[in-house]
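upload12.cif follows; it contains mmCIF, C-alpha atoms.
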```
data_start
loop_
_atom_site.group_PDB
_atom_site.id
_atom_site.type_symbol
_atom_site.label_atom_id
_atom_site.label_comp_id
_atom_site.auth_asym_id
_atom_site.auth_seq_id
_atom_site.Cartn_x
_atom_site.Cartn_y
_atom_site.Cartn_z
ATOM 1 C CA MET A 1 95.479 98.336 113.182
ATOM 2 C CA LYS A 2 96.641 96.530 116.327
ATOM 3 C CA LYS A 3 99.188 98.534 118.311
ATOM 4 C CA PRO A 4 102.551 96.866 118.957
ATOM 5 C CA LYS A 5 103.194 95.762 122.528
ATOM 6 C CA LEU A 6 106.528 96.573 124.197
ATOM 7 C CA LEU A 7 108.015 95.203 127.388
ATOM 8 C CA VAL A 8 110.378 97.483 129.315
ATOM 9 C CA ILE A 9 112.633 95.669 131.826
ATOM 10 C CA GLU A 10 114.381 98.393 133.827
ATOM 11 C CA HIS A 11 114.903 99.009 137.555
ATOM 12 C CA ASP A 12 116.269 102.562 137.406
ATOM 13 C CA GLU A 13 113.519 105.070 138.184
ATOM 14 C CA HIS A 14 115.045 107.899 136.141
ATOM 15 C CA THR A 15 115.453 105.716 133.050
ATOM 16 C CA ARG A 16 111.867 104.488 133.383
ATOM 17 C CA ALA A 17 110.645 108.098 133.533
ATOM 18 C CA VAL A 18 112.582 108.972 130.373
ATOM 19 C CA LEU A 19 111.248 105.906 128.556
ATOM 20 C CA ASP A 20 107.711 106.717 129.677
ATOM 21 C CA GLU A 21 108.048 110.137 128.051
ATOM 22 C CA ILE A 22 109.531 108.653 124.862
ATOM 23 C CA LEU A 23 106.995 105.840 124.503
ATOM 24 C CA SER A 24 104.077 108.220 125.055
ATOM 25 C CA THR A 25 104.926 109.723 121.636
ATOM 26 C CA ILE A 26 104.853 106.321 119.868
ATOM 27 C CA PRO A 27 101.591 104.552 118.967
ATOM 28 C CA CYS A 28 102.190 101.445 121.053
ATOM 29 C CA LYS A 29 101.227 99.681 124.248
ATOM 30 C CA TYR A 30 103.915 99.003 126.813
ATOM 31 C CA GLU A 31 104.396 97.244 130.113
ATOM 32 C CA VAL A 32 107.141 98.044 132.641
ATOM 33 C CA VAL A 33 108.757 95.532 135.021
ATOM 34 C CA THR A 34 111.650 96.189 137.379
ATOM 35 C CA CYS A 35 113.356 92.841 138.086
ATOM 36 C CA LEU A 36 114.159 89.441 136.587
ATOM 37 C CA ALA A 37 111.341 87.662 138.429
ATOM 38 C CA GLU A 38 108.746 90.096 137.062
ATOM 39 C CA ALA A 39 110.327 89.852 133.597
ATOM 40 C CA ARG A 40 109.993 86.054 133.526
ATOM 41 C CA LYS A 41 106.345 86.326 134.522
ATOM 42 C CA ALA A 42 105.626 88.920 131.827
ATOM 43 C CA LEU A 43 107.526 86.988 129.137
ATOM 44 C CA ALA A 44 105.515 83.848 129.861
ATOM 45 C CA GLN A 45 102.855 85.570 127.769
ATOM 46 C CA ASP A 46 103.497 85.857 124.016
ATOM 47 C CA GLY A 47 102.633 88.884 121.910
ATOM 48 C CA HIS A 48 105.506 91.302 122.587
ATOM 49 C CA SER A 49 106.734 93.209 119.542
ATOM 50 C CA LEU A 50 109.886 94.506 121.244
ATOM 51 C CA ILE A 51 111.796 94.006 124.498
ATOM 52 C CA MET A 52 113.729 96.872 126.116
ATOM 53 C CA LEU A 53 116.214 95.201 128.473
ATOM 54 C CA ALA A 54 118.562 96.809 131.019
ATOM 55 C CA ASP A 55 122.083 95.369 131.227
ATOM 56 C CA GLU A 56 121.819 95.013 135.021
ATOM 57 C CA LEU A 57 118.737 94.001 136.995
ATOM 58 C CA PRO A 58 117.856 92.870 140.517
ATOM 59 C CA ALA A 59 116.679 89.263 140.811
ATOM 60 C CA ARG A 60 113.555 90.232 142.749
ATOM 61 C CA PRO A 61 111.602 93.400 143.590
ATOM 62 C CA GLY A 62 113.542 95.591 145.991
ATOM 63 C CA GLY A 63 116.748 93.591 145.534
ATOM 64 C CA ILE A 64 118.877 96.455 144.218
ATOM 65 C CA SER A 65 121.873 95.282 146.245
ATOM 66 C CA ARG A 66 121.987 92.022 144.258
ATOM 67 C CA MET A 67 122.283 93.235 140.686
ATOM 68 C CA GLN A 68 122.598 90.583 137.983
ATOM 69 C CA ASN A 69 123.198 90.605 134.254
ATOM 70 C CA PRO A 70 120.408 89.317 131.975
ATOM 71 C CA GLU A 71 122.331 86.509 130.224
ATOM 72 C CA ASN A 72 120.315 83.733 131.889
ATOM 73 C CA LEU A 73 117.055 85.434 130.981
ATOM 74 C CA LEU A 74 118.098 85.647 127.325
ATOM 75 C CA ASP A 75 119.217 82.004 127.352
ATOM 76 C CA GLU A 76 115.824 80.949 128.713
ATOM 77 C CA LEU A 77 114.047 82.951 126.010
ATOM 78 C CA ASN A 78 116.180 81.339 123.307
ATOM 79 C CA GLU A 79 115.387 77.905 124.700
ATOM 80 C CA THR A 80 111.616 78.386 124.927
ATOM 81 C CA ARG A 81 111.137 80.557 121.815
ATOM 82 C CA GLU A 82 113.814 79.160 119.549
ATOM 83 C CA GLY A 83 113.911 81.128 116.302
ATOM 84 C CA SER A 84 110.995 83.401 117.234
ATOM 85 C CA LEU A 85 112.420 86.011 119.609
ATOM 86 C CA PRO A 86 111.084 89.552 119.207
ATOM 87 C CA PRO A 87 113.750 92.245 118.751
ATOM 88 C CA VAL A 88 115.678 92.892 121.980
ATOM 89 C CA VAL A 89 117.195 96.309 122.675
ATOM 90 C CA MET A 90 119.886 96.251 125.357
ATOM 91 C CA MET A 91 120.037 99.467 127.411
ATOM 92 C CA ALA A 92 123.680 99.582 128.489
ATOM 93 C CA ASN A 93 125.379 101.775 131.079
ATOM 94 C CA ARG A 94 128.601 103.505 130.084
ATOM 95 C CA ARG A 95 131.550 101.834 131.817
ATOM 96 C CA PRO A 96 134.744 103.857 131.343
ATOM 97 C CA ASP A 97 136.621 101.506 133.696
ATOM 98 C CA VAL A 98 136.027 98.445 131.440
ATOM 99 C CA ASP A 99 138.586 97.582 128.761
ATOM 100 C CA GLU A 100 137.434 98.218 125.172
ATOM 101 C CA GLU A 101 138.157 94.642 124.088
ATOM 102 C CA ASP A 102 136.053 93.327 126.969
ATOM 103 C CA LYS A 103 133.212 95.572 125.849
ATOM 104 C CA LEU A 104 133.488 94.200 122.327
ATOM 105 C CA ARG A 105 133.435 90.598 123.526
ATOM 106 C CA TRP A 106 130.436 91.352 125.719
ATOM 107 C CA ALA A 107 128.551 92.979 122.823
ATOM 108 C CA ALA A 108 129.285 90.036 120.516
ATOM 109 C CA ASP A 109 128.115 87.602 123.206
ATOM 110 C CA MET A 110 124.882 89.535 123.633
ATOM 111 C CA ARG A 111 124.340 89.392 119.860
ATOM 112 C CA THR A 112 124.558 85.594 119.927
ATOM 113 C CA ARG A 113 121.956 85.599 122.685
ATOM 114 C CA GLY A 114 119.473 87.522 120.541
ATOM 115 C CA VAL A 115 120.132 91.227 121.216
ATOM 116 C CA SER A 116 119.190 93.206 118.093
ATOM 117 C CA SER A 117 120.482 96.635 119.102
ATOM 118 C CA PHE A 118 122.169 98.613 121.871
ATOM 119 C CA LEU A 119 121.193 101.949 123.418
ATOM 120 C CA CYS A 120 123.557 103.798 125.735
ATOM 121 C CA LYS A 121 122.385 105.327 129.003
ATOM 122 C CA PRO A 122 121.945 108.223 129.363
ATOM 123 C CA PHE A 123 120.065 108.221 126.045
ATOM 124 C CA ARG A 124 121.021 110.445 123.157
ATOM 125 C CA THR A 125 118.771 113.404 122.377
ATOM 126 C CA ALA A 126 119.901 113.739 118.749
ATOM 127 C CA GLY A 127 120.875 111.382 115.966
ATOM 128 C CA ARG A 128 120.268 107.742 116.873
ATOM 129 C CA THR A 129 117.711 108.429 119.596
ATOM 130 C CA PRO A 130 115.675 105.703 121.359
ATOM 131 C CA ASP A 131 112.413 106.665 119.631
ATOM 132 C CA ARG A 132 114.025 106.259 116.191
ATOM 133 C CA VAL A 133 115.483 102.859 117.092
ATOM 134 C CA ILE A 134 112.164 101.687 118.558
ATOM 135 C CA LYS A 135 110.103 102.861 115.577
ATOM 136 C CA ARG A 136 112.499 101.168 113.148
ATOM 137 C CA LEU A 137 112.431 97.852 114.977
ATOM 138 C CA ILE A 138 108.681 97.630 115.538
ATOM 139 C CA ALA A 139 108.242 98.437 111.853
ATOM 140 C CA GLY A 140 110.241 95.303 111.102
ATOM 141 C CA GLN A 141 113.389 97.030 109.867
ATOM 142 C CA THR A 142 116.326 95.048 111.214
ATOM 143 C CA GLU A 143 119.319 97.116 112.224
ATOM 144 C CA PRO A 144 122.681 96.097 110.714
ATOM 145 C CA VAL A 145 124.645 93.674 112.853
ATOM 146 C CA ARG A 146 127.927 94.986 114.273
ATOM 147 C CA LEU A 147 129.886 92.171 115.864
ATOM 148 C CA ALA A 148 133.278 92.511 117.495
ATOM 149 C CA SER A 149 134.824 90.420 114.739
ATOM 150 C CA ALA A 150 133.428 88.784 111.641
ATOM 151 C CA PRO A 151 133.793 85.013 111.036
ATOM 152 C CA ALA A 152 137.014 84.157 109.213
ATOM 153 C CA ALA A 153 135.200 82.710 106.203
ATOM 154 C CA THR A 154 133.149 85.824 105.562
ATOM 155 C CA ALA A 155 135.188 88.736 106.938
ATOM 156 C CA LYS A 156 136.804 90.972 104.327
ATOM 157 C CA LYS A 157 138.069 93.694 106.637
ATOM 158 C CA LYS A 158 138.848 93.792 110.309
ATOM 159 C CA ALA A 159 136.184 95.699 112.192
ATOM 160 C CA PRO A 160 137.417 98.806 114.016
ATOM 161 C CA LYS A 161 137.461 98.561 117.778
ATOM 162 C CA ALA A 162 134.489 100.228 119.423
ATOM 163 C CA SER A 163 132.555 99.619 122.602
ATOM 164 C CA PRO A 164 128.830 98.765 122.604
ATOM 165 C CA SER A 165 128.278 102.363 123.681
ATOM 166 C CA VAL A 166 130.126 103.714 120.641
ATOM 167 C CA ALA A 167 128.457 101.240 118.306
ATOM 168 C CA ALA A 168 125.071 102.240 119.650
ATOM 169 C CA SER A 169 125.637 105.942 119.152
ATOM 170 C CA ALA A 170 127.151 105.760 115.665
ATOM 171 C CA PRO A 171 124.836 106.059 112.634
ATOM 172 C CA ALA A 172 124.119 102.628 111.172
ATOM 173 C CA SER A 173 125.541 102.138 107.703
ATOM 174 C CA LYS A 174 123.410 100.429 105.090
ATOM 175 C CA LYS A 175 124.682 97.227 103.559
ATOM 176 C CA SER A 176 123.167 94.179 101.961
ATOM 177 C CA GLU A 177 122.819 91.038 104.033
ATOM 178 C CA PRO A 178 125.142 88.146 103.215
ATOM 179 C CA VAL A 179 123.666 85.373 101.073
ATOM 180 C CA PRO A 180 124.404 81.690 101.684
ATOM 181 C CA SER A 181 126.870 80.291 99.175
ATOM 182 C CA GLN A 182 125.792 78.132 96.229
ATOM 183 C CA ALA A 183 127.801 75.254 97.709
ATOM 184 C CA SER A 184 125.791 75.463 100.928
ATOM 185 C CA ALA A 185 122.526 75.459 98.990
ATOM 186 C CA ALA A 186 123.648 72.424 97.002
ATOM 187 C CA ARG A 187 124.449 70.489 100.192
ATOM 188 C CA CYS A 188 121.022 71.283 101.604
ATOM 189 C CA SER A 189 119.340 69.652 98.599
ATOM 190 C CA ASP A 190 121.459 66.455 98.511
ATOM 191 C CA THR A 191 120.322 64.061 101.242
ATOM 192 C CA ALA A 192 120.392 60.781 99.312
ATOM 193 C CA GLN A 193 123.696 59.677 100.862
ATOM 194 C CA TRP A 194 122.193 59.339 104.360
ATOM 195 C CA THR A 195 119.444 56.838 103.481
ATOM 196 C CA ASP A 196 120.672 54.436 106.207
ATOM 197 C CA ILE A 197 120.044 57.097 108.866
ATOM 198 C CA PRO A 198 116.407 57.626 109.975
ATOM 199 C CA ASN A 199 115.206 61.009 108.751
ATOM 200 C CA GLU A 200 113.576 61.956 112.039
ATOM 201 C CA PRO A 201 112.882 65.444 113.482
ATOM 202 C CA ILE A 202 115.686 66.392 115.869
ATOM 203 C CA ALA A 203 116.587 69.453 117.963
ATOM 204 C CA LEU A 204 119.881 71.220 117.284
ATOM 205 C CA ASP A 205 121.510 70.327 120.596
ATOM 206 C CA ASP A 206 120.452 66.664 120.213
ATOM 207 C CA PHE A 207 121.801 66.647 116.657
ATOM 208 C CA MET A 208 125.190 67.921 117.834
ATOM 209 C CA ALA A 209 125.296 65.332 120.638
ATOM 210 C CA LYS A 210 124.549 62.474 118.231
ATOM 211 C CA PHE A 211 126.238 63.383 114.946
ATOM 212 C CA CYS A 212 129.056 65.822 115.820
ATOM 213 C CA GLU A 213 132.426 65.615 117.532
ATOM 214 C CA PRO A 214 131.982 65.501 121.340
ATOM 215 C CA ARG A 215 131.361 68.757 123.157
ATOM 216 C CA SER A 216 130.040 69.575 126.633
ATOM 217 C CA LYS A 217 126.367 70.398 127.026
ATOM 218 C CA ASP A 218 127.170 74.046 127.804
ATOM 219 C CA ASN A 219 129.357 74.254 124.703
ATOM 220 C CA ARG A 220 126.592 72.772 122.526
ATOM 221 C CA MET A 221 124.130 75.322 123.867
ATOM 222 C CA CYS A 222 126.568 78.134 123.066
ATOM 223 C CA ARG A 223 127.166 76.771 119.538
ATOM 224 C CA LYS A 224 123.413 76.479 118.994
ATOM 225 C CA ARG A 225 122.996 80.152 119.871
ATOM 226 C CA ALA A 226 125.761 81.017 117.411
ATOM 227 C CA LEU A 227 123.971 79.116 114.619
ATOM 228 C CA LEU A 228 120.615 80.737 115.425
ATOM 229 C CA ALA A 229 122.247 84.162 115.460
ATOM 230 C CA ALA A 230 123.860 83.498 112.072
ATOM 231 C CA ALA A 231 120.470 82.462 110.701
ATOM 232 C CA ARG A 232 118.821 85.618 112.044
ATOM 233 C CA HIS A 233 121.539 87.768 110.516
ATOM 234 C CA GLY A 234 121.219 86.078 107.117
ATOM 235 C CA THR A 235 124.660 84.458 107.064
ATOM 236 C CA VAL A 236 123.145 80.968 106.781
ATOM 237 C CA LYS A 237 119.696 79.523 106.262
ATOM 238 C CA LEU A 238 118.226 76.874 108.539
ATOM 239 C CA PRO A 239 116.210 74.023 106.984
ATOM 240 C CA SER A 240 112.434 73.952 107.223
ATOM 241 C CA LEU A 241 111.047 72.717 110.522
ATOM 242 C CA GLY A 242 110.431 69.001 110.756
ATOM 243 C CA GLY A 243 106.959 69.197 112.245
ATOM 244 C CA GLN A 244 105.127 71.687 114.430
ATOM 245 C CA ARG A 245 106.670 72.936 117.659
ATOM 246 C CA LYS A 246 104.636 72.865 120.840
ATOM 247 C CA HIS A 247 104.901 75.770 123.266
ATOM 248 C CA GLY A 248 108.038 75.464 125.389
ATOM 249 C CA GLN A 249 109.717 72.941 123.087
ATOM 250 C CA ALA A 250 112.794 73.483 120.933
ATOM 251 C CA ASN A 251 112.476 73.631 117.166
ATOM 252 C CA LYS A 252 113.216 70.371 115.390
ATOM 253 C CA TYR A 253 114.605 69.857 111.891
ATOM 254 C CA LEU A 254 114.814 66.739 109.726
ATOM 255 C CA THR A 255 118.052 64.863 110.380
ATOM 256 C CA HIS A 256 118.980 64.556 106.692
ATOM 257 C CA ASP A 257 118.541 68.284 106.140
ATOM 258 C CA LEU A 258 120.918 69.115 109.001
ATOM 259 C CA LEU A 259 123.466 66.532 107.853
ATOM 260 C CA ALA A 260 123.408 68.032 104.368
ATOM 261 C CA ALA A 261 123.640 71.638 105.564
ATOM 262 C CA TRP A 262 126.121 71.290 108.444
ATOM 263 C CA GLN A 263 129.376 71.513 106.510
ATOM 264 C CA GLY A 264 127.992 74.569 104.715
ATOM 265 C CA TYR A 265 127.500 76.296 108.065
ATOM 266 C CA LEU A 266 131.131 75.567 108.945
ATOM 267 C CA ASP A 267 132.243 76.895 105.544
ATOM 268 C CA GLU A 268 130.339 80.123 106.229
ATOM 269 C CA GLY A 269 132.357 80.641 109.431
ATOM 270 C CA VAL A 270 129.816 79.541 112.057
ATOM 271 C CA ASP A 271 131.658 78.127 115.098
ATOM 272 C CA LEU A 272 130.095 74.644 115.276
ATOM 273 C CA PRO A 273 131.466 71.202 116.178
ATOM 274 C CA PRO A 274 132.344 69.261 112.987
ATOM 275 C CA LEU A 275 130.386 66.173 112.011
ATOM 276 C CA LEU A 276 131.816 62.852 113.099
ATOM 277 C CA PRO A 277 133.895 61.335 110.250
ATOM 278 C CA GLU A 278 131.291 58.654 109.447
ATOM 279 C CA PHE A 279 128.628 61.296 108.828
ATOM 280 C CA ARG A 280 130.690 63.680 106.692
ATOM 281 C CA PRO A 281 130.128 63.973 102.928
ATOM 282 C CA GLY A 282 132.408 61.524 101.121
ATOM 283 C CA HIS A 283 132.409 58.941 103.934
ATOM 284 C CA VAL A 284 129.218 57.153 102.894
ATOM 285 C CA GLU A 285 130.889 53.869 101.911
ATOM 286 C CA THR A 286 132.825 53.731 105.170
ATOM 287 C CA ASN A 287 129.617 54.296 107.107
ATOM 288 C CA LYS A 288 127.852 51.491 105.260
ATOM 289 C CA LYS A 289 130.703 48.994 105.815
ATOM 290 C CA GLU A 290 130.736 49.708 109.538
ATOM 291 C CA LYS A 291 127.006 49.048 109.710
#
```
Whole structure given in structure tokens:
Amino acid sequence: MKKPKLLVIEHDEHTRAVLDEILSTIPCKYEVVTCLAEARKALAQDGHSLIMLADELPARPGGISRMQNPENLLDELNETREGSLPPVVMMANRRPDVDEEDKLRWAADMRTRGVSSFLCKPFRTAGRTPDRVIKRLIAGQTEPVRLASAPAATAKKKAPKASPSVAASAPASKKSEPVPSQASAARCSDTAQWTDIPNEPIALDDFMAKFCEPRSKDNRMCRKRALLAAARHGTVKLPSLGGQRKHGQANKYLTHDLLAAWQGYLDEGVDLPPLLPEFRPGHVETNKKEK
């Protein structure tokens, strides 16, 4: 059986030594890089089963004085590997001087960018230890998602306040993943009303620019990440791809499928721009008259 391949992105020498000891007990291959430049070079090659990512990194080797967060790196990965990111474990430093609500917002933002789990530094030696998290993720067992707040359409109870550090150290509770509503599934199957619109493959950001209420490019990119995160977490289901994706290109979906599914995503609480009035269900006659 082929051993899983891990990529460790960490500049701190002590943390790397601890991870080296931990990973030596797991049947896997792993590569270690120490800055964002080295990480981009390593991630240009596919085949990683898991990414261990520090929450602060120098831009280049030896650039410890210019520490940066990894948001841009995660955004680039989402853009080039849309829908096919390996699990990402964020190794976060404890920050007692940061407000708890800010920690929650940061953790939720990292979730939308593709982070699967958090580990606090220094690592725990009992309970939810790094080796247990790593083994679970490379075995394909997704850890339960713990966002700062659930979407209004799906939340039943308000989540208790806890920092990423606390969430990482607490035992994960088992619960079933949410299932898309029957109404959403029905919309996905009914595309007859958009026969006047070419059913061409289209990327999510292009779809929002063409068929949704106006938003800035940065906002569309953020909303796209929110939709992809919801799909990964099982809150919604994306349509089938409309053709094969070449390396470095965004996934594309058939226009009719997205038009049919979009309102269902909004109903499920995903923060997306609404469809323009002429493309919403129930406005077919108006659309035809205008044409």
Excluding Phe211 (chain A) and residues on its chain fewer than 5 positions from it, collect all residues at most 10 Å away from it, counting all atoms listed in the file, and give them as a PDB file with C-alpha atoms, in the coordinates of the input.
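part_2.pdb was written with the following content:
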```pdb
ATOM      1  CA  ASP A 206     120.452  66.664 120.213  1.00  0.00           C
ATOM      2  CA  THR A 255     118.052  64.863 110.380  1.00  0.00           C
ATOM      3  CA  LEU A 258     120.918  69.115 109.001  1.00  0.00           C
ATOM      4  CA  LEU A 259     123.466  66.532 107.853  1.00  0.00           C
ATOM      5  CA  PRO A 273     131.466  71.202 116.178  1.00  0.00           C
ATOM      6  CA  PRO A 274     132.344  69.261 112.987  1.00  0.00           C
ATOM      7  CA  LEU A 275     130.386  66.173 112.011  1.00  0.00           C
ATOM      8  CA  LEU A 276     131.816  62.852 113.099  1.00  0.00           C
ATOM      9  CA  PRO A 277     133.895  61.335 110.250  1.00  0.00           C
ATOM     10  CA  GLU A 278     131.291  58.654 109.447  1.00  0.00           C
ATOM     11  CA  PHE A 279     128.628  61.296 108.828  1.00  0.00           C
ATOM     12  CA  ARG A 280     130.690  63.680 106.692  1.00  0.00           C
TER      13      ARG A 280
END
```
Enclose the full set of atoms of region 54-61 of chain A listed in the file within a box whose edges lie along x, y and z, apply 5 Å of padding to each of the six sides, and report centre and edge lengths in Å to one decimal as JSON.
```
{"center_x": 116.8, "center_y": 93.0, "center_z": 137.3, "size_x": 20.5, "size_y": 17.5, "size_z": 22.6}
```
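Rounded to one decimal, CA of Val236 (chain A) and CA of Val270 (chain A) lie 8.6 Å from each other.
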With all atoms listed in the file counted, which protein, DNA or RNA residues have an atom no more than 12 Å from (118.1, 82.6, 113.6) in the file frame? Please answer as a PyMOL selection string. chain A and resi 78+81-87+111-116+224-239+251
Any idea what the distance is between CA of His11 (chain A) and CA of Asp46 (chain A)? 22.1 Å
Please evaluate the PyMOL selection byres ((chain A and resi 241) around 6) against the displayed coordinates and give the resulting residues as a PyMOL selection string. chain A and resi 240+242-243+252-253
Between A:Ala209, A:Val133, A:Leu74, A:Ala203, which residue has the minimum interatomic distance to Leu23 (chain A), considering all atoms listed in the file?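 Checking each candidate against Leu23 (chain A), we get A:Val133 as the closest.
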Counting only C-alpha atoms, which residue out of A:Pro198, A:Pro4, A:Pro58, A:Gly47 sits closest to Tyr30 (chain A)?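 Of A:Pro198, A:Pro4, A:Pro58, A:Gly47, the one nearest Tyr30 (chain A) is A:Pro4, counting only C-alpha atoms.
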Find the residue from A:Glu71, A:Asp205, A:Glu200, A:Glu76 that sits nearest to Lys217 (chain A); use all atoms listed in the file when measuring.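 Among A:Glu71, A:Asp205, A:Glu200, A:Glu76, it is A:Asp205 that comes nearest to Lys217 (chain A).
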How would region 99-114 of chain A look with N, CA and C atoms restored, written as a PDB file, in the coordinates of the input?
```
ATOM      1  N   ASP A  99     137.739  97.606 129.943  1.00  0.00           N
ATOM      2  CA  ASP A  99     138.586  97.582 128.761  1.00  0.00           C
ATOM      3  C   ASP A  99     137.749  97.488 127.488  1.00  0.00           C
ATOM      4  N   GLU A 100     138.188  98.182 126.419  1.00  0.00           N
ATOM      5  CA  GLU A 100     137.434  98.218 125.172  1.00  0.00           C
ATOM      6  C   GLU A 100     137.245  96.829 124.574  1.00  0.00           C
ATOM      7  N   GLU A 101     138.282  95.991 124.641  1.00  0.00           N
ATOM      8  CA  GLU A 101     138.157  94.642 124.088  1.00  0.00           C
ATOM      9  C   GLU A 101     137.130  93.817 124.862  1.00  0.00           C
ATOM     10  N   ASP A 102     137.064  94.024 126.170  1.00  0.00           N
ATOM     11  CA  ASP A 102     136.053  93.327 126.969  1.00  0.00           C
ATOM     12  C   ASP A 102     134.654  93.789 126.580  1.00  0.00           C
ATOM     13  N   LYS A 103     134.512  95.071 126.294  1.00  0.00           N
ATOM     14  CA  LYS A 103     133.212  95.572 125.849  1.00  0.00           C
ATOM     15  C   LYS A 103     132.811  94.946 124.521  1.00  0.00           C
ATOM     16  N   LEU A 104     133.774  94.806 123.621  1.00  0.00           N
ATOM     17  CA  LEU A 104     133.488  94.200 122.327  1.00  0.00           C
ATOM     18  C   LEU A 104     133.065  92.741 122.476  1.00  0.00           C
ATOM     19  N   ARG A 105     133.781  91.999 123.308  1.00  0.00           N
ATOM     20  CA  ARG A 105     133.435  90.598 123.526  1.00  0.00           C
ATOM     21  C   ARG A 105     132.049  90.481 124.144  1.00  0.00           C
ATOM     22  N   TRP A 106     131.761  91.369 125.086  1.00  0.00           N
ATOM     23  CA  TRP A 106     130.436  91.352 125.719  1.00  0.00           C
ATOM     24  C   TRP A 106     129.352  91.633 124.686  1.00  0.00           C
ATOM     25  N   ALA A 107     129.545  92.634 123.835  1.00  0.00           N
ATOM     26  CA  ALA A 107     128.551  92.979 122.823  1.00  0.00           C
ATOM     27  C   ALA A 107     128.328  91.828 121.857  1.00  0.00           C
ATOM     28  N   ALA A 108     129.414  91.169 121.429  1.00  0.00           N
ATOM     29  CA  ALA A 108     129.285  90.036 120.516  1.00  0.00           C
ATOM     30  C   ALA A 108     128.534  88.892 121.191  1.00  0.00           C
ATOM     31  N   ASP A 109     128.802  88.654 122.463  1.00  0.00           N
ATOM     32  CA  ASP A 109     128.115  87.602 123.206  1.00  0.00           C
ATOM     33  C   ASP A 109     126.627  87.901 123.315  1.00  0.00           C
ATOM     34  N   MET A 110     126.291  89.166 123.557  1.00  0.00           N
ATOM     35  CA  MET A 110     124.882  89.535 123.633  1.00  0.00           C
ATOM     36  C   MET A 110     124.181  89.355 122.288  1.00  0.00           C
ATOM     37  N   ARG A 111     124.909  89.611 121.202  1.00  0.00           N
ATOM     38  CA  ARG A 111     124.340  89.392 119.860  1.00  0.00           C
ATOM     39  C   ARG A 111     123.965  87.925 119.674  1.00  0.00           C
ATOM     40  N   THR A 112     124.854  87.016 120.087  1.00  0.00           N
ATOM     41  CA  THR A 112     124.558  85.594 119.927  1.00  0.00           C
ATOM     42  C   THR A 112     123.373  85.169 120.776  1.00  0.00           C
ATOM     43  N   ARG A 113     123.096  85.923 121.828  1.00  0.00           N
ATOM     44  CA  ARG A 113     121.956  85.599 122.685  1.00  0.00           C
ATOM     45  C   ARG A 113     120.668  86.265 122.216  1.00  0.00           C
ATOM     46  N   GLY A 114     120.703  86.995 121.114  1.00  0.00           N
ATOM     47  CA  GLY A 114     119.473  87.522 120.541  1.00  0.00           C
ATOM     48  C   GLY A 114     119.276  89.018 120.624  1.00  0.00           C
TER      49      GLY A 114
END
```
